[in-house]
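This report refers to the structure that appears directly beneath it.
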Amino acid sequence: MLKIGEFSRLSRVSIRSLRRYDEAGLLAPASIDPFTGYRYYSERQLPVANRIRALRDMGFPLAAVREVLGCYDDPKALERCLLLQRAGAKEVMEEAERRLRLLDTALERLRKDETMMQYDVTIKTIPERQVASVRQIISSYDREGDLWSVYCQETARMNIQDGDPVLCVAVYHDGEHKEQDVDVEIQRSVAGSYPDTEHVKFKTVPAVQVASATFRGSYDQFYAVNEAVAAWVADNGWTLAGAAFFIYHVSPHDTRNPDEFVTEVCYPVKRK
């Protein structure tokens with residue numbers, strides 16, 4: 001018989017872990033001295049201790065070790081347990097690699113331009129929504145307000161119910177920046193069904209995955225935010241997959257102070 005310290009040295013399992021294995025019902029001492037409380041293990045228990053240690057090294061939690069130990073005489077069952085654990089380990093590894101990419105990108109952005117770190121970019125999904133839409137060619141981007149005026153005028157008497165959440169969106173359909181004659185669509189989420197008017201169309205917008213950055217302050221930041229999002233997309237293995245749009249969380253409709261504006265820049269994306 002081996003004292004617990006001797007068994008610990010031979011099995012390369014700490015005394016603390018041996019006590020935990022005992023508490024979990026995985027590896028009880030072969031005997032316990034009723035007077036001293038000393039724990040004794042048998043040399044025949046070394047293979048079991050080694051199996052437990054190997055399974056713990058593979059990442060199996062104590063709660064699962066008992067089940068896996070029971071599979072050792074059934075190769076197919078043991079293989080299933082190992083494959084499930086491998087799939088979980090791979091998922092953890094992929095998540096760690098994703099975090100490393102994000103950290104590397106953040107560091108690279110910081111080294112290139114400290115101001116780009118003002119804007120945090122994330123991947124999110126904008127859910128499917130019902131919207132009232134106005135899409136027109138307008139003379140320039142700063143005339144976007146004309147579209148919102150059209151929406152307000154043509155729906156003033158329709159008693160339209162707001163969607164939940166209420167999203168006010170501007171979509172820029174041109175594939176490039178244009179100095180004039182820009183193709184812009186504004187959307188406001190609604191609840192319920194309504195007839196189209198001359199310029200306002202009601203439709204369902206499907207869910208879309210986007211790279212998103214939200215900023216507070218005046219619209220003068222648009223160019224810097226767009227640059228930050230575009231760089232992040234390129235550096236993290238994504239590619240653009242649709243027309244960019246802005247979500248106005250706090251807009252001139254809510255406050256006249258540009259410092260209080262809250263805007264979200266969204267670029268539809270997909271994996272390369």
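Convention: chains lettered A, B, ... in structure tokens order; per-chain residue numbering from 1; ligands numbered from 1 as shown.
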| Residue neighbourhood range 203-220 of chain A, 7 Å, only C-alpha atoms, exclusion window fewer than 4 positions, as a list in words |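 Residues near the query, excluding close chain neighbours: Tyr119, Asp120, Val121, Thr122, Ile123, Lys124, Thr125, Ile126, Pro127, Glu128, Arg129, Gln130, Val131, Ala132, Val229, Pro258, Asp259, Glu260, Phe261, Val262, Thr263, Glu264, Val265, Cys266, Tyr267, Pro268 and Val269 of chain A.
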| field | For CA of Ser139 in chain A and CA of Asp183 in chain A, the interatomic separation in Å (one decimal) | value |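 Rounded to one decimal, the two atoms are 9.1 Å apart.
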| task | Select from range 77-258 of chain A everything DSSP, run on the backbone, classes as alpha helix (DSSP H), then give the selection as an MDAnalysis selection string. | result | chainID A and resid 77:112 144:155 222:235
| field | Two-atom distance - CA of Val171 in chain A, CA of Val184 in chain A (Å) | value |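 Going from CA of Val171 in chain A over to CA of Val184 in chain A, I get 5.8 Å.
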| request: Enter the distance from CA of His199 in chain A to CA of Asp146 in chain A, in Å, rounded to one decimal. | output: 12.0 Å
| message | Let me make sure I understand: among A:Arg256, A:Arg56, A:Lys272, A:Lys3, which one has the smallest atom-to-atom distance to Arg39 in chain A if we use only C-alpha atoms? | response | A:Lys3
Can you pull out every residue within 10 Å of Pro165 in chain A, counting only C-alpha atoms, but drop anything in the same chain fewer than 3 positions away, and send it as an mmCIF file with N, CA and C atoms, in the first residue's frame?
data_model
loop_
_atom_site.group_PDB
_atom_site.id
_atom_site.type_symbol
_atom_site.label_atom_id
_atom_site.label_comp_id
_atom_site.auth_asym_id
_atom_site.auth_seq_id
_atom_site.Cartn_x
_atom_site.Cartn_y
_atom_site.Cartn_z
ATOM 1 N N ARG A 129 -37.400 43.276 -40.706
ATOM 2 C CA ARG A 129 -38.282 44.318 -40.196
ATOM 3 C C ARG A 129 -39.201 44.829 -41.297
ATOM 4 N N ASP A 162 -45.374 52.650 -34.929
ATOM 5 C CA ASP A 162 -43.941 52.414 -34.994
ATOM 6 C C ASP A 162 -43.604 50.944 -34.747
ATOM 7 N N CYS A 168 -34.656 54.254 -37.723
ATOM 8 C CA CYS A 168 -34.662 55.215 -38.829
ATOM 9 C C CYS A 168 -33.344 55.042 -39.573
ATOM 10 N N SER A 189 -38.944 51.835 -39.467
ATOM 11 C CA SER A 189 -39.615 50.582 -39.129
ATOM 12 C C SER A 189 -41.040 50.860 -38.641
ATOM 13 N N VAL A 190 -41.968 50.031 -39.099
ATOM 14 C CA VAL A 190 -43.383 50.201 -38.768
ATOM 15 C C VAL A 190 -43.961 48.865 -38.338
ATOM 16 N N ALA A 191 -45.118 48.929 -37.688
ATOM 17 C CA ALA A 191 -45.862 47.726 -37.309
ATOM 18 C C ALA A 191 -47.213 47.751 -38.018
#
| strand (DSSP E) per DSSP on the backbone: members of range 6-128 of chain A, as a list in words |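 Filtering range 6-128 of chain A down to strand (DSSP E) leaves Ser31, Ile32, Arg39, Tyr40, Tyr41, Val121, Thr122, Ile123, Lys124, Thr125 and Ile126 of chain A.
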Selection above as a file: all heavy atoms, as a CSV table (one decimal), in the first residue's frame:
chain,number,residue,atom,x,y,z
A,31,SER,N,-7.8,2.3,1.2
A,31,SER,CA,-8.1,2.1,2.7
A,31,SER,C,-7.8,3.4,3.4
A,31,SER,O,-7.0,4.2,2.9
A,31,SER,CB,-7.4,1.0,3.3
A,31,SER,OG,-6.0,1.2,3.4
A,32,ILE,N,-8.5,3.7,4.5
A,32,ILE,CA,-8.3,4.8,5.3
A,32,ILE,C,-8.1,4.3,6.8
A,32,ILE,O,-8.9,3.6,7.3
A,32,ILE,CB,-9.4,5.8,5.3
A,32,ILE,CG1,-9.6,6.3,3.8
A,32,ILE,CG2,-9.2,7.0,6.2
A,32,ILE,CD1,-10.8,7.3,3.7
A,39,ARG,N,-4.7,8.2,4.4
A,39,ARG,CA,-5.3,7.6,3.2
A,39,ARG,C,-4.2,6.7,2.5
A,39,ARG,O,-3.0,7.2,2.4
A,39,ARG,CB,-5.8,8.6,2.2
A,39,ARG,CG,-6.9,9.5,2.7
A,39,ARG,CD,-7.1,10.7,1.9
A,39,ARG,NE,-8.2,11.5,2.4
A,39,ARG,CZ,-9.4,11.7,1.8
A,39,ARG,NH1,-9.6,11.1,0.6
A,39,ARG,NH2,-10.3,12.4,2.3
A,40,TYR,N,-4.6,5.6,2.1
A,40,TYR,CA,-3.6,4.7,1.4
A,40,TYR,C,-4.2,4.2,0.1
A,40,TYR,O,-5.4,4.0,0.0
A,40,TYR,CB,-3.3,3.4,2.3
A,40,TYR,CG,-2.6,3.8,3.6
A,40,TYR,CD1,-3.3,4.0,4.8
A,40,TYR,CD2,-1.2,3.8,3.6
A,40,TYR,CE1,-2.7,4.3,5.9
A,40,TYR,CE2,-0.5,4.1,4.8
A,40,TYR,CZ,-1.3,4.4,6.0
A,40,TYR,OH,-0.6,4.7,7.1
A,41,TYR,N,-3.3,4.1,-0.9
A,41,TYR,CA,-3.7,3.7,-2.2
A,41,TYR,C,-2.9,2.5,-2.6
A,41,TYR,O,-1.8,2.2,-2.1
A,41,TYR,CB,-3.4,4.9,-3.2
A,41,TYR,CG,-4.4,6.0,-3.1
A,41,TYR,CD1,-4.1,7.0,-2.2
A,41,TYR,CD2,-5.5,6.2,-3.9
A,41,TYR,CE1,-4.9,8.1,-2.0
A,41,TYR,CE2,-6.3,7.3,-3.8
A,41,TYR,CZ,-6.0,8.3,-2.8
A,41,TYR,OH,-6.9,9.3,-2.7
A,121,VAL,N,-15.6,48.3,-33.9
A,121,VAL,CA,-16.4,47.6,-34.9
A,121,VAL,C,-16.8,46.2,-34.4
A,121,VAL,O,-15.9,45.5,-33.9
A,121,VAL,CB,-15.6,47.5,-36.2
A,121,VAL,CG1,-16.4,46.9,-37.3
A,121,VAL,CG2,-15.1,48.9,-36.7
A,122,THR,N,-18.0,45.9,-34.6
A,122,THR,CA,-18.5,44.5,-34.2
A,122,THR,C,-19.3,43.9,-35.4
A,122,THR,O,-19.8,44.7,-36.2
A,122,THR,CB,-19.4,44.6,-33.0
A,122,THR,OG1,-20.5,45.4,-33.2
A,122,THR,CG2,-18.6,45.1,-31.8
A,123,ILE,N,-19.5,42.6,-35.4
A,123,ILE,CA,-20.4,41.9,-36.3
A,123,ILE,C,-21.7,41.7,-35.6
A,123,ILE,O,-21.7,41.2,-34.5
A,123,ILE,CB,-19.7,40.6,-36.8
A,123,ILE,CG1,-18.5,40.8,-37.5
A,123,ILE,CG2,-20.7,39.8,-37.6
A,123,ILE,CD1,-18.6,41.6,-38.8
A,124,LYS,N,-22.8,42.0,-36.2
A,124,LYS,CA,-24.1,41.8,-35.6
A,124,LYS,C,-25.1,41.5,-36.8
A,124,LYS,O,-24.8,41.7,-37.9
A,124,LYS,CB,-24.5,43.1,-34.8
A,124,LYS,CG,-24.7,44.3,-35.7
A,124,LYS,CD,-25.0,45.5,-34.9
A,124,LYS,CE,-26.3,45.5,-34.2
A,124,LYS,NZ,-26.6,46.8,-33.5
A,125,THR,N,-26.3,41.1,-36.4
A,125,THR,CA,-27.3,40.9,-37.3
A,125,THR,C,-28.5,41.8,-37.1
A,125,THR,O,-29.0,41.9,-35.9
A,125,THR,CB,-27.9,39.4,-37.3
A,125,THR,OG1,-26.8,38.5,-37.6
A,125,THR,CG2,-29.0,39.2,-38.2
A,126,ILE,N,-28.9,42.6,-38.1
A,126,ILE,CA,-30.1,43.4,-38.0
A,126,ILE,C,-31.2,42.6,-38.4
A,126,ILE,O,-31.3,42.0,-39.5
A,126,ILE,CB,-30.0,44.6,-39.0
A,126,ILE,CG1,-28.6,45.4,-38.8
A,126,ILE,CG2,-31.2,45.5,-38.8
A,126,ILE,CD1,-28.5,46.1,-37.4
| Between A:Arg271, A:Arg86, A:Lys201, A:Arg101, which one has atoms that come closest to Arg135 in chain A, using only C-alpha atoms? | A:Lys201
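You can rank A:Pro252, A:Gly192, A:Gly237, A:Gly163 by their closest distance to Lys270 in chain A using only C-alpha atoms, and at the top of that list sits A:Gly237.
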| query | So which one's closest to Tyr248 in chain A, A:Val200, A:Val166, A:Ile137, A:Ala234? Using only C-alpha atoms, please. | reply |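 Of all the options, A:Val166 lies closest to Tyr248 in chain A.
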| remark: Among A:Gly175, A:Pro195, A:Pro75, A:Gly145, Ser251 in chain A is approached most closely, using only C-alpha atoms, by A:Gly145
